[in-house]
file run28.cif (mmCIF, C-alpha atoms)
data_run
loop_
_atom_site.label_atom_id
_atom_site.label_comp_id
_atom_site.auth_asym_id
_atom_site.auth_seq_id
_atom_site.Cartn_x
_atom_site.Cartn_y
_atom_site.Cartn_z
CA MET A 1 0.00 0.00 0.00
CA ALA A 2 1.41 3.41 -0.95
CA SER A 3 2.66 5.23 2.09
CA GLU A 4 0.20 7.93 3.00
CA ASP A 5 0.18 10.73 5.44
CA VAL A 6 0.03 9.00 8.83
CA LYS A 7 0.19 10.92 12.09
CA LEU A 8 -0.29 9.74 15.65
CA LEU A 9 -1.21 12.15 18.42
CA GLY A 10 0.03 10.85 21.74
CA GLY A 11 2.27 11.02 24.79
CA TRP A 12 5.21 8.79 25.78
CA PRO A 13 3.83 7.76 29.20
CA SER A 14 0.42 6.65 27.94
CA PRO A 15 -0.11 2.88 27.69
CA TYR A 16 -3.05 3.51 25.36
CA VAL A 17 -0.79 5.42 22.96
CA MET A 18 1.66 2.49 22.96
CA ARG A 19 -0.97 0.26 21.42
CA PRO A 20 -1.26 1.89 17.98
CA ARG A 21 2.53 2.56 17.99
CA ILE A 22 3.22 -1.15 18.37
CA ALA A 23 0.68 -1.93 15.63
CA LEU A 24 2.26 0.59 13.25
CA ASN A 25 5.74 -0.79 14.05
CA ILE A 26 4.57 -4.35 13.34
CA LYS A 27 3.29 -3.19 9.95
CA SER A 28 6.45 -1.11 9.30
CA VAL A 29 4.34 1.98 8.65
CA ASN A 30 6.15 5.31 8.70
CA TYR A 31 4.29 7.83 10.81
CA GLU A 32 4.80 11.20 12.40
CA PHE A 33 4.50 11.07 16.19
CA LEU A 34 3.04 14.33 17.47
CA GLU A 35 3.72 14.44 21.19
CA GLU A 36 1.05 16.24 23.18
CA LYS A 37 2.38 18.49 25.91
CA PHE A 38 1.39 17.10 29.29
CA GLY A 39 -1.28 19.24 30.95
CA SER A 40 -2.60 20.86 27.77
CA LYS A 41 -4.50 19.74 24.68
CA SER A 42 -3.47 20.91 21.22
CA ASP A 43 -5.95 22.39 18.75
CA LEU A 44 -5.35 19.41 16.50
CA LEU A 45 -6.31 17.01 19.30
CA LEU A 46 -9.46 18.95 20.15
CA LYS A 47 -10.41 19.03 16.47
CA SER A 48 -9.62 15.35 15.84
CA ASN A 49 -11.25 13.93 18.97
CA PRO A 50 -13.96 16.41 19.95
CA VAL A 51 -15.99 13.76 21.80
CA TYR A 52 -13.38 12.57 24.32
CA LYS A 53 -10.47 15.01 23.70
CA LYS A 54 -8.03 12.19 24.52
CA ILE A 55 -4.95 10.54 23.05
CA PRO A 56 -4.21 8.43 21.08
CA VAL A 57 -5.66 9.68 17.80
CA LEU A 58 -4.47 8.28 14.48
CA ILE A 59 -4.82 10.69 11.60
CA HIS A 60 -4.68 8.86 8.26
CA GLY A 61 -4.86 11.22 5.32
CA GLU A 62 -7.17 13.75 6.93
CA LYS A 63 -9.33 11.19 8.74
CA PRO A 64 -9.07 10.79 12.52
CA ILE A 65 -9.51 7.43 14.22
CA CYS A 66 -9.94 7.37 18.02
CA GLU A 67 -9.83 4.78 20.82
CA SER A 68 -6.66 2.72 21.06
CA LEU A 69 -8.00 -0.77 20.29
CA ILE A 70 -10.19 0.55 17.48
CA ILE A 71 -7.05 2.14 15.99
CA VAL A 72 -5.18 -1.19 16.28
CA GLU A 73 -7.95 -3.00 14.37
CA TYR A 74 -7.98 -0.22 11.76
CA VAL A 75 -4.21 -0.48 11.25
CA ASP A 76 -4.53 -4.26 10.92
CA GLU A 77 -7.26 -3.92 8.29
CA VAL A 78 -5.67 -1.15 6.21
CA TRP A 79 -2.10 -2.50 6.11
CA ASN A 80 -3.23 -6.04 5.54
CA SER A 81 -0.23 -7.74 3.95
CA GLY A 82 2.28 -9.71 5.99
CA HIS A 83 1.85 -10.28 9.71
CA THR A 84 -1.76 -9.97 10.90
CA ILE A 85 -2.38 -8.60 14.36
CA LEU A 86 -5.81 -10.13 14.98
CA PRO A 87 -6.17 -13.91 14.70
CA SER A 88 -7.72 -15.08 11.44
CA ASP A 89 -10.27 -17.45 12.99
CA PRO A 90 -13.52 -15.68 14.09
CA TYR A 91 -13.66 -17.58 17.40
CA ASP A 92 -10.06 -16.75 18.27
CA ARG A 93 -10.80 -13.13 17.38
CA ALA A 94 -13.81 -13.15 19.72
CA VAL A 95 -11.69 -14.58 22.55
CA ALA A 96 -8.99 -11.94 21.99
CA ARG A 97 -11.56 -9.12 21.93
CA PHE A 98 -13.24 -10.48 25.07
CA TRP A 99 -10.01 -10.45 27.05
CA ALA A 100 -9.06 -7.00 25.74
CA THR A 101 -12.43 -5.71 27.00
CA TYR A 102 -11.79 -7.40 30.37
CA ILE A 103 -8.33 -5.82 30.60
CA ASP A 104 -9.69 -2.33 29.90
CA ASP A 105 -12.93 -2.53 31.88
CA LYS A 106 -11.84 -4.57 34.92
CA TRP A 107 -8.13 -5.33 35.16
CA PHE A 108 -6.33 -2.03 34.53
CA PRO A 109 -8.79 -0.04 36.67
CA GLY A 110 -7.73 -2.49 39.39
CA ILE A 111 -4.13 -1.26 39.08
CA ARG A 112 -5.30 2.32 39.43
CA ALA A 113 -7.33 1.29 42.48
CA ILE A 114 -4.12 0.20 44.23
CA SER A 115 -2.70 3.72 44.23
CA ARG A 116 -6.06 5.18 45.29
CA ALA A 117 -6.65 2.65 48.10
CA ASP A 118 -7.03 4.21 51.50
CA GLY A 119 -5.21 2.27 54.23
CA GLU A 120 -3.34 -1.04 54.40
CA GLU A 121 -6.39 -3.33 54.28
CA ALA A 122 -7.82 -1.65 51.20
CA LYS A 123 -4.43 -1.69 49.49
CA LYS A 124 -3.98 -5.40 50.24
CA LYS A 125 -7.42 -6.16 48.78
CA ALA A 126 -6.71 -4.10 45.67
CA VAL A 127 -3.41 -5.92 45.12
CA GLU A 128 -5.10 -9.31 45.54
CA GLU A 129 -7.68 -8.40 42.90
CA VAL A 130 -5.03 -7.44 40.36
CA ILE A 131 -3.15 -10.69 41.00
CA ALA A 132 -6.40 -12.68 40.69
CA GLY A 133 -6.94 -10.98 37.33
CA LEU A 134 -3.44 -11.95 36.23
CA VAL A 135 -4.18 -15.56 37.16
CA LEU A 136 -7.19 -15.44 34.82
CA LEU A 137 -5.00 -13.91 32.11
CA GLU A 138 -2.37 -16.62 32.69
CA ASP A 139 -5.04 -19.20 31.89
CA ALA A 140 -6.08 -17.21 28.82
CA PHE A 141 -2.42 -17.09 27.74
CA ILE A 142 -2.08 -20.86 27.97
CA LYS A 143 -5.21 -21.33 25.82
CA CYS A 144 -4.43 -18.61 23.25
CA SER A 145 -0.69 -19.15 22.83
CA LYS A 146 -1.00 -22.93 22.32
CA GLY A 147 2.54 -23.39 23.58
CA LYS A 148 4.07 -20.48 21.67
CA SER A 149 5.69 -17.30 23.01
CA PHE A 150 2.83 -14.82 22.69
CA PHE A 151 -0.97 -14.66 23.02
CA GLY A 152 -0.85 -14.26 19.23
CA GLY A 153 1.35 -17.34 18.75
CA ASP A 154 4.85 -16.99 17.28
CA LYS A 155 4.47 -13.25 16.91
CA ILE A 156 2.87 -10.42 18.87
CA GLY A 157 -0.87 -10.11 18.34
CA TYR A 158 -3.86 -8.05 19.44
CA LEU A 159 -4.08 -9.41 22.98
CA ASP A 160 -0.31 -9.08 23.53
CA ILE A 161 -0.65 -5.41 22.60
CA ALA A 162 -3.79 -4.94 24.73
CA LEU A 163 -2.10 -6.24 27.89
CA GLY A 164 1.58 -5.56 27.22
CA CYS A 165 1.12 -1.80 26.98
CA PHE A 166 0.41 -1.77 30.74
CA LEU A 167 3.68 -3.46 31.77
CA GLY A 168 5.43 -0.12 32.36
CA TRP A 169 2.77 1.08 34.79
CA LEU A 170 2.55 -2.36 36.38
CA ARG A 171 6.28 -2.24 37.15
CA VAL A 172 5.97 1.29 38.53
CA THR A 173 3.12 0.19 40.82
CA GLU A 174 5.25 -2.73 42.03
CA LYS A 175 8.24 -0.50 42.77
CA LEU A 176 6.26 2.24 44.47
CA GLY A 177 4.36 -0.23 46.64
CA ASN A 178 7.27 -2.63 47.12
CA PHE A 179 5.26 -5.71 46.24
CA ALA A 180 5.09 -8.10 43.28
CA LEU A 181 2.07 -8.16 41.00
CA LEU A 182 3.51 -10.26 38.17
CA ASP A 183 4.76 -13.19 40.23
CA GLU A 184 6.86 -15.93 38.65
CA SER A 185 5.39 -18.59 40.95
CA LYS A 186 1.74 -17.59 40.46
CA THR A 187 1.81 -16.70 36.75
CA PRO A 188 4.96 -18.28 35.30
CA ASN A 189 3.88 -18.03 31.66
CA LEU A 190 2.96 -14.35 31.89
CA PHE A 191 6.20 -13.66 33.74
CA LYS A 192 8.18 -15.11 30.81
CA TRP A 193 5.91 -13.44 28.28
CA ALA A 194 6.46 -9.99 29.84
CA GLU A 195 10.19 -10.19 29.16
CA LYS A 196 9.73 -11.43 25.59
CA PHE A 197 7.12 -8.78 24.86
CA SER A 198 9.19 -5.92 26.26
CA SER A 199 12.26 -6.90 24.21
CA ASP A 200 10.38 -7.45 20.94
CA ASP A 201 11.53 -5.24 18.06
CA ALA A 202 8.12 -3.63 17.72
CA VAL A 203 8.02 -2.74 21.42
CA LYS A 204 11.48 -2.17 22.88
CA ASP A 205 12.06 1.38 21.62
CA ILE A 206 8.71 2.67 22.80
CA MET A 207 8.28 0.86 26.13
CA PRO A 208 8.93 3.64 28.65
CA GLN A 209 11.81 2.98 31.05
CA THR A 210 10.48 2.17 34.52
CA ASP A 211 12.60 4.84 36.25
CA LYS A 212 11.49 7.57 33.86
CA LEU A 213 7.85 6.48 34.28
CA MET A 214 8.25 6.44 38.05
CA GLU A 215 9.47 10.05 38.02
CA PHE A 216 6.45 10.95 35.90
CA ALA A 217 4.13 9.09 38.30
CA LYS A 218 5.56 11.04 41.25
CA VAL A 219 4.94 14.33 39.42
CA LEU A 220 1.34 13.21 38.72
CA MET A 221 0.76 12.25 42.36
CA ALA A 222 2.21 15.53 43.62
CA LYS A 223 -0.05 17.46 41.24
CA SER A 224 -3.17 15.59 42.32
CA LYS A 225 -2.34 16.12 46.02
CA ALA A 226 -1.86 19.84 45.40
CA SER A 227 -5.22 20.26 43.63
CA MET B 1 -22.37 -30.49 10.24
CA ALA B 2 -25.54 -29.15 11.89
CA GLU B 3 -24.85 -25.83 13.61
CA GLU B 4 -25.70 -25.72 17.29
CA LEU B 5 -26.51 -22.21 18.47
CA LYS B 6 -27.68 -21.28 21.97
CA LEU B 7 -28.31 -17.86 23.42
CA PHE B 8 -28.28 -17.30 27.16
CA ARG B 9 -30.30 -14.18 27.94
CA THR B 10 -32.76 -12.60 30.32
CA TRP B 11 -36.22 -11.48 29.19
CA SER B 12 -35.29 -7.80 29.57
CA SER B 13 -31.56 -7.43 28.96
CA PRO B 14 -30.97 -4.78 26.28
CA PHE B 15 -27.53 -6.26 25.54
CA ALA B 16 -29.09 -9.66 24.84
CA LEU B 17 -31.58 -7.96 22.50
CA ARG B 18 -28.65 -6.92 20.32
CA VAL B 19 -27.79 -10.57 19.77
CA VAL B 20 -31.46 -11.47 19.16
CA HIS B 21 -31.67 -8.78 16.45
CA ALA B 22 -28.42 -9.86 14.80
CA LEU B 23 -29.38 -13.53 14.73
CA LYS B 24 -32.77 -12.66 13.23
CA ILE B 25 -31.24 -10.45 10.52
CA LYS B 26 -28.88 -13.28 9.59
CA GLY B 27 -31.80 -15.72 9.52
CA LEU B 28 -30.23 -18.09 12.06
CA GLU B 29 -32.03 -20.74 14.11
CA TYR B 30 -31.04 -20.99 17.75
CA GLU B 31 -32.16 -22.19 21.18
CA THR B 32 -32.93 -19.57 23.83
CA ILE B 33 -32.12 -20.17 27.48
CA PHE B 34 -33.71 -17.59 29.76
CA GLU B 35 -31.68 -16.92 32.89
CA ASP B 36 -32.77 -15.60 36.25
CA LEU B 37 -29.74 -13.60 37.34
CA SER B 38 -30.56 -14.02 41.01
CA THR B 39 -29.93 -17.77 40.61
CA LYS B 40 -27.55 -18.25 37.73
CA SER B 41 -27.52 -21.63 36.04
CA ALA B 42 -24.50 -23.91 36.17
CA SER B 43 -24.30 -23.62 32.37
CA LEU B 44 -24.06 -19.83 32.45
CA LEU B 45 -21.34 -19.94 35.09
CA GLN B 46 -19.50 -22.52 33.03
CA TYR B 47 -19.75 -20.51 29.80
CA ASN B 48 -19.04 -17.08 31.32
CA PRO B 49 -17.00 -17.71 34.46
CA VAL B 50 -15.25 -14.32 34.31
CA ASN B 51 -18.21 -11.94 34.23
CA LYS B 52 -21.11 -14.35 34.95
CA LYS B 53 -23.37 -12.18 32.77
CA VAL B 54 -25.72 -12.44 29.83
CA PRO B 55 -25.75 -12.51 26.88
CA VAL B 56 -23.62 -15.52 26.03
CA LEU B 57 -23.77 -17.08 22.58
CA VAL B 58 -22.68 -20.70 22.43
CA HIS B 59 -21.76 -21.93 18.95
CA ASN B 60 -21.08 -25.65 18.66
CA GLY B 61 -20.16 -25.73 22.35
CA LYS B 62 -17.89 -22.67 22.26
CA PRO B 63 -19.02 -19.63 24.28
CA ILE B 64 -18.70 -16.04 23.11
CA CYS B 65 -19.33 -13.28 25.68
CA GLU B 66 -19.84 -9.49 25.59
CA SER B 67 -22.62 -8.32 23.27
CA LEU B 68 -20.51 -6.20 20.89
CA VAL B 69 -17.90 -8.99 20.63
CA ILE B 70 -20.77 -11.40 19.85
CA LEU B 71 -22.06 -9.08 17.09
CA GLU B 72 -18.66 -9.06 15.39
CA TYR B 73 -18.41 -12.86 15.74
CA ILE B 74 -21.82 -13.34 14.15
CA ASP B 75 -20.92 -11.00 11.30
CA GLU B 76 -17.59 -12.72 10.64
CA THR B 77 -19.01 -16.25 10.81
CA TRP B 78 -22.19 -15.83 8.75
CA LYS B 79 -21.54 -13.66 5.70
CA GLN B 80 -25.13 -13.04 4.54
CA CYS B 81 -26.65 -9.60 5.29
CA PRO B 82 -23.40 -7.97 6.44
CA LEU B 83 -23.74 -5.87 9.60
CA LEU B 84 -20.45 -3.98 9.70
CA PRO B 85 -19.35 -1.68 6.86
CA ARG B 86 -16.64 -3.01 4.55
CA ASP B 87 -14.48 0.11 4.53
CA PRO B 88 -11.98 0.09 7.44
CA TYR B 89 -12.59 3.76 8.24
CA ASP B 90 -16.38 3.34 8.31
CA LYS B 91 -15.89 0.24 10.45
CA ALA B 92 -13.73 2.18 12.91
CA GLU B 93 -16.40 4.91 13.08
CA ALA B 94 -19.15 2.36 13.75
CA ARG B 95 -17.09 0.72 16.51
CA PHE B 96 -16.31 4.12 18.05
CA TRP B 97 -19.96 5.17 18.24
CA ALA B 98 -21.09 1.80 19.58
CA LYS B 99 -18.55 2.19 22.40
CA PHE B 100 -19.73 5.77 22.98
CA GLY B 101 -23.29 4.49 23.23
CA ASP B 102 -22.31 2.00 25.91
CA GLU B 103 -20.18 4.44 27.86
CA LYS B 104 -22.23 7.62 27.67
CA ILE B 105 -25.81 7.06 26.47
CA PHE B 106 -26.59 4.23 28.88
CA SER B 107 -25.33 6.06 31.93
CA SER B 108 -26.94 9.37 30.98
CA ILE B 109 -30.34 7.75 30.45
CA TRP B 110 -30.00 5.90 33.74
CA LYS B 111 -29.30 9.20 35.49
CA VAL B 112 -32.57 10.63 34.12
CA LEU B 113 -34.47 7.67 35.52
CA ILE B 114 -33.07 7.84 39.05
CA THR B 115 -33.25 11.58 39.68
CA GLN B 116 -35.95 14.16 40.21
CA GLY B 117 -36.46 17.90 40.01
CA LYS B 118 -33.45 20.04 39.13
CA GLN B 119 -31.07 17.05 39.09
CA GLN B 120 -33.32 15.33 36.58
CA GLU B 121 -33.53 18.45 34.41
CA GLU B 122 -29.72 18.56 34.27
CA ALA B 123 -29.59 14.84 33.54
CA ILE B 124 -32.03 15.32 30.66
CA VAL B 125 -29.89 18.10 29.18
CA GLU B 126 -26.80 15.83 29.31
CA ALA B 127 -28.70 12.86 27.83
CA VAL B 128 -30.06 14.97 24.96
CA GLN B 129 -26.55 16.34 24.23
CA ASN B 130 -25.22 12.77 23.97
CA LEU B 131 -28.17 11.71 21.82
CA LYS B 132 -27.54 14.70 19.55
CA LEU B 133 -23.98 13.44 18.98
CA ILE B 134 -25.22 10.09 17.74
CA GLU B 135 -27.99 11.75 15.72
CA GLU B 136 -25.25 13.57 13.79
CA GLN B 137 -23.94 10.18 12.64
CA LEU B 138 -27.23 9.46 10.85
CA LYS B 139 -26.70 12.36 8.41
CA ASP B 140 -29.35 11.78 5.71
CA LYS B 141 -29.55 8.01 6.00
CA LYS B 142 -32.55 5.93 7.01
CA PHE B 143 -30.40 3.76 9.26
CA PHE B 144 -26.89 4.14 10.67
CA GLY B 145 -26.08 1.22 8.37
CA GLY B 146 -27.49 3.02 5.31
CA GLU B 147 -30.55 1.60 3.57
CA THR B 148 -30.62 -1.46 5.83
CA ILE B 149 -30.09 -2.12 9.53
CA GLY B 150 -26.44 -2.57 10.46
CA TYR B 151 -24.13 -2.99 13.41
CA LEU B 152 -24.59 0.49 14.81
CA ASP B 153 -28.40 0.34 14.52
CA ILE B 154 -28.33 -2.88 16.51
CA ALA B 155 -25.83 -1.43 19.00
CA PHE B 156 -28.16 1.54 19.63
CA GLY B 157 -31.38 -0.44 19.23
CA TRP B 158 -31.93 -0.81 22.95
CA THR B 159 -32.38 3.00 23.21
CA VAL B 160 -35.50 2.69 21.05
CA ASN B 161 -37.10 0.39 23.58
CA LEU B 162 -35.77 1.80 26.84
CA ILE B 163 -36.27 5.47 25.99
CA GLY B 164 -39.96 4.88 25.25
CA ILE B 165 -40.36 3.10 28.59
CA LEU B 166 -38.48 5.81 30.45
CA GLU B 167 -40.56 8.57 28.85
CA GLU B 168 -43.71 6.86 30.08
CA ILE B 169 -42.37 6.45 33.63
CA ILE B 170 -41.16 10.04 34.03
CA ASP B 171 -44.02 11.43 31.93
CA GLN B 172 -41.68 13.52 29.80
CA LYS B 173 -40.35 13.37 26.25
CA LEU B 174 -36.63 12.67 25.96
CA VAL B 175 -36.41 12.25 22.21
CA ASP B 176 -38.42 15.21 21.01
CA GLU B 177 -39.32 15.31 17.31
CA GLU B 178 -38.34 18.97 17.24
CA LYS B 179 -35.03 18.69 19.13
CA LEU B 180 -33.96 15.34 17.64
CA PRO B 181 -35.85 14.97 14.33
CA LEU B 182 -33.49 12.51 12.64
CA LEU B 183 -33.13 10.31 15.71
CA SER B 184 -36.89 10.37 16.20
CA ALA B 185 -37.41 9.19 12.62
CA TRP B 186 -34.74 6.52 13.02
CA MET B 187 -36.44 5.20 16.17
CA GLN B 188 -39.68 4.82 14.23
CA ASN B 189 -37.98 3.16 11.24
CA PHE B 190 -36.11 0.76 13.50
CA SER B 191 -39.22 -0.16 15.51
CA ASP B 192 -41.30 -0.71 12.39
CA ASP B 193 -38.76 -2.94 10.69
CA PRO B 194 -40.31 -6.41 10.27
CA VAL B 195 -37.19 -8.09 11.67
CA ILE B 196 -37.18 -6.00 14.82
CA LYS B 197 -40.74 -5.32 15.81
CA ASP B 198 -41.65 -8.72 17.25
CA CYS B 199 -38.53 -8.96 19.40
CA TRP B 200 -39.27 -6.39 22.07
CA PRO B 201 -39.79 -7.59 25.65
CA PRO B 202 -43.35 -7.11 27.03
CA ARG B 203 -43.84 -3.36 27.55
CA ASP B 204 -45.98 -3.58 30.72
CA LYS B 205 -43.45 -5.85 32.39
CA MET B 206 -40.62 -3.45 31.43
CA ILE B 207 -42.45 -0.46 32.90
CA VAL B 208 -43.00 -2.26 36.18
CA LYS B 209 -39.40 -3.46 36.29
CA PHE B 210 -37.92 0.00 35.84
CA GLN B 211 -40.37 1.63 38.22
CA VAL B 212 -39.26 -0.86 40.85
CA MET B 213 -35.57 -0.26 40.05
CA ARG B 214 -36.11 3.49 40.38
CA GLU B 215 -37.80 3.49 43.79
CA PRO B 216 -34.82 3.12 46.15
CA TYR B 217 -33.01 5.99 44.39
CA LEU B 218 -35.99 8.33 44.68
CA LYS B 219 -36.51 7.35 48.32
CA ASN B 220 -32.87 8.19 48.94
CA LEU B 221 -33.26 11.60 47.32
CA VAL B 222 -36.33 12.39 49.40
CA SER B 223 -34.63 11.46 52.67
CA GLN B 224 -31.57 13.67 51.93
#

call {"tool": "encode", "arguments": {"input": "run28.cif", "output": "structure tokens"}}
result
Amino acid sequence: MASEDVKLLGGWPSPYVMRPRIALNIKSVNYEFLEEKFGSKSDLLLKSNPVYKKIPVLIHGEKPICESLIIVEYVDEVWNSGHTILPSDPYDRAVARFWATYIDDKWFPGIRAISRADGEEAKKKAVEEVIAGLVLLEDAFIKCSKGKSFFGGDKIGYLDIALGCFLGWLRVTEKLGNFALLDESKTPNLFKWAEKFSSDDAVKDIMPQTDKLMEFAKVLMAKSKAS
Amino acid sequence: MAEELKLFRTWSSPFALRVVHALKIKGLEYETIFEDLSTKSASLLQYNPVNKKVPVLVHNGKPICESLVILEYIDETWKQCPLLPRDPYDKAEARFWAKFGDEKIFSSIWKVLITQGKQQEEAIVEAVQNLKLIEEQLKDKKFFGGETIGYLDIAFGWTVNLIGILEEIIDQKLVDEEKLPLLSAWMQNFSDDPVIKDCWPPRDKMIVKFQVMREPYLKNLVSQ
């Protein structure tokens, strides 16, 4: 497909922005990354995503596409030669989409809940819920990967992208709280997968370094305490 | 091989209705299992252990959960009467607005139901603003899908049923022909469609159900 004008509006700390970046990398699509300044929204963002005013937004030609997983599916459908991101079988696609919905609606909000938990008991409960979620995802990994390295099989797929983008923030939460969420004994397959995912060619240059992300998290927390 | 299709649903679930509509449009035969969510069947818990919710579509023994995921599965498995647009950009738009419907329309309509007085007036303003956004997606088409019902019509279809019920309970118009002319026309076209019109849950039962659901919220407002 002839290379067209492809822009991505985003920010380096955002896990949601990572998703389309990984997809575009997998497809070897050249794109311009327009970094939004933290704390303000550009005119282009407000014009391209008037409903939610959030990143990421993919702008292909002049057309904006919003919502990270919707962008990933769009990239997969437009640049459709070579490696496919979604599985080809409709049932496998449904399973991948189900788990991606679970990750966004239930699991990642659980990670946020850890930092918001008031008191030791509440924190402990929040941590247990995230770990319980990872145990479910471990089981999903075993079923989807069929013995291979990724949810998508030999190569990174939709569900790898949907979950893997949160590894940076997961590691930050572990460091800040001094506990393990991704535990080798409880979720051995996911533990291995996390390393492989993070070092994959499509991911390694855009996965934020944990220390840099931790500094950013501290700035965020200070700002929210001040307001 | 004979296809085995089962749908786990409740009599009133708007999300299950989406699957009912899609299966009917595709002309598919299936078995319905009505669930009582206060005592969930062993089968439901087996097929949807994560969320324990309806709808669940079971195709040749394999469960598919989450109504919008089920719609895409149905469309990809049975190619007649396509539901999603072919063009990737149009598809992305349809998926975006379906998600918006679930995130914003549902909650804003719920807010109208469970509030009174000034709070309800504000809730109505917000709901109408959200409905206006989806009305803009109709442009000059009969359905969101064009000439025929498509994915986004089915995704929004529950609003046609629930809004009518809500309007009767609160004795106020939410989708006004003057304020939302295109959406109003779409609601009529959708309701009148021969595939859709026999699928609605019993209206009287729905009114009672939502009146009962509303009561504790109103009592709470009064006692504040």

call {"tool": "atom_distance", "arguments": {"input": "run28.cif", "atom1": "CA of Lys63 in chain A", "atom2": "CA of Lys47 in chain A"}}
result
11.1 Å

call {"tool": "interface_residues", "arguments": {"input": "run28.cif", "of": "chain A", "to": "chain B", "cutoff": "10 Å", "atoms": "all atoms listed in the file", "output": "ChimeraX atom specification"}}
result
/A:51-52,60,63-67,69-78,89-99,101-102,106,133,136

call {"tool": "residues_around", "arguments": {"input": "run28.cif", "residues": "Ser81 in chain A", "least_positions_apart": "6", "cutoff": "12 Å", "atoms": "only C-alpha atoms", "output": "ChimeraX atom specification"}}
result
/A:1,26-29,75

call {"tool": "resolve_selection", "arguments": {"input": "run28.cif", "expression": "the PyMOL selection byres ((chain A and resi 150) around 12)", "output": "PyMOL selection string"}}
result
chain A and resi 85+138+140-149+151-161+163-164+189-198+200

call {"tool": "resolve_selection", "arguments": {"input": "run28.cif", "expression": "the PyMOL selection byres ((chain A and resi 16) around 12)", "output": "ChimeraX atom specification"}}
result
/A:8-15,17-23,54-58,66-72,103-104,108,161-169,207

call {"tool": "residues_around", "arguments": {"input": "run28.cif", "residues": "Asn30 in chain A", "least_positions_apart": "5", "cutoff": "9 Å", "atoms": "only C-alpha atoms", "output": "list in words"}}
result
Ser3, Glu4, Asp5, Val6, Lys7, Leu24 and Asn25 of chain A

call {"tool": "atom_distance", "arguments": {"input": "run28.cif", "atom1": "CA of Tyr30 in chain B", "atom2": "CA of Lys79 in chain B"}}
result
17.0 Å

call {"tool": "residues_around", "arguments": {"input": "run28.cif", "residues": "Lys26 in chain B", "least_positions_apart": "2", "cutoff": "12 Å", "atoms": "all atoms listed in the file", "output": "ChimeraX atom specification"}}
result
/B:19-24,28-30,71,74-83,149-151,195

call {"tool": "resolve_selection", "arguments": {"input": "run28.cif", "expression": "the PyMOL selection byres ((chain B and resi 112) around 12)", "output": "VMD selection string"}}
result
chain B and resid 105 to 111 113 to 128 162 to 163 166 to 167 169 to 174 214 217 to 218

call {"tool": "closest_residue", "arguments": {"input": "run28.cif", "among": "B:Ser43, B:Pro55, B:Gln129, B:Leu183", "to": "Thr10 in chain B", "atoms": "all atoms listed in the file"}}
result
B:Pro55

call {"tool": "residues_near_point", "arguments": {"input": "run28.cif", "point": "(-2.4, 1.1, 42.1)", "cutoff": "12 Å", "atoms": "all atoms listed in the file", "output": "PyMOL selection string"}}
result
chain A and resi 107-118+122-131+169-181+217+221

call {"tool": "atom_distance", "arguments": {"input": "run28.cif", "atom1": "CA of Glu136 in chain B", "atom2": "CA of Asp43 in chain A"}}
result
21.8 Å

call {"tool": "closest_residue", "arguments": {"input": "run28.cif", "among": "B:Pro216, B:Thr32, B:Tyr47, B:Ile25", "to": "Asp153 in chain B", "atoms": "all atoms listed in the file"}}
result
B:Ile25

call {"tool": "residues_around", "arguments": {"input": "run28.cif", "residues": "Ser184 in chain B", "least_positions_apart": "6", "cutoff": "8 Å", "atoms": "all atoms listed in the file", "output": "PyMOL selection string"}}
result
chain B and resi 175-177

call {"tool": "decode", "arguments": {"input": "run28.cif", "residues": "range 133-157 of chain B", "atoms": "C-alpha atoms", "output": "PDB file, in the first residue's frame"}}
result
ATOM      1  CA  LEU B 133     -23.978  13.442  18.976  1.00  0.00           C
ATOM      2  CA  ILE B 134     -25.223  10.095  17.743  1.00  0.00           C
ATOM      3  CA  GLU B 135     -27.987  11.746  15.717  1.00  0.00           C
ATOM      4  CA  GLU B 136     -25.247  13.571  13.787  1.00  0.00           C
ATOM      5  CA  GLN B 137     -23.941  10.177  12.641  1.00  0.00           C
ATOM      6  CA  LEU B 138     -27.228   9.458  10.853  1.00  0.00           C
ATOM      7  CA  LYS B 139     -26.698  12.360   8.409  1.00  0.00           C
ATOM      8  CA  ASP B 140     -29.347  11.778   5.705  1.00  0.00           C
ATOM      9  CA  LYS B 141     -29.555   8.005   5.996  1.00  0.00           C
ATOM     10  CA  LYS B 142     -32.551   5.930   7.013  1.00  0.00           C
ATOM     11  CA  PHE B 143     -30.405   3.757   9.263  1.00  0.00           C
ATOM     12  CA  PHE B 144     -26.890   4.144  10.667  1.00  0.00           C
ATOM     13  CA  GLY B 145     -26.078   1.217   8.372  1.00  0.00           C
ATOM     14  CA  GLY B 146     -27.489   3.022   5.307  1.00  0.00           C
ATOM     15  CA  GLU B 147     -30.548   1.596   3.575  1.00  0.00           C
ATOM     16  CA  THR B 148     -30.623  -1.462   5.835  1.00  0.00           C
ATOM     17  CA  ILE B 149     -30.094  -2.115   9.526  1.00  0.00           C
ATOM     18  CA  GLY B 150     -26.444  -2.571  10.457  1.00  0.00           C
ATOM     19  CA  TYR B 151     -24.126  -2.990  13.414  1.00  0.00           C
ATOM     20  CA  LEU B 152     -24.589   0.494  14.807  1.00  0.00           C
ATOM     21  CA  ASP B 153     -28.401   0.340  14.521  1.00  0.00           C
ATOM     22  CA  ILE B 154     -28.326  -2.882  16.507  1.00  0.00           C
ATOM     23  CA  ALA B 155     -25.829  -1.426  18.998  1.00  0.00           C
ATOM     24  CA  PHE B 156     -28.160   1.542  19.625  1.00  0.00           C
ATOM     25  CA  GLY B 157     -31.378  -0.443  19.230  1.00  0.00           C
TER      26      GLY B 157
END
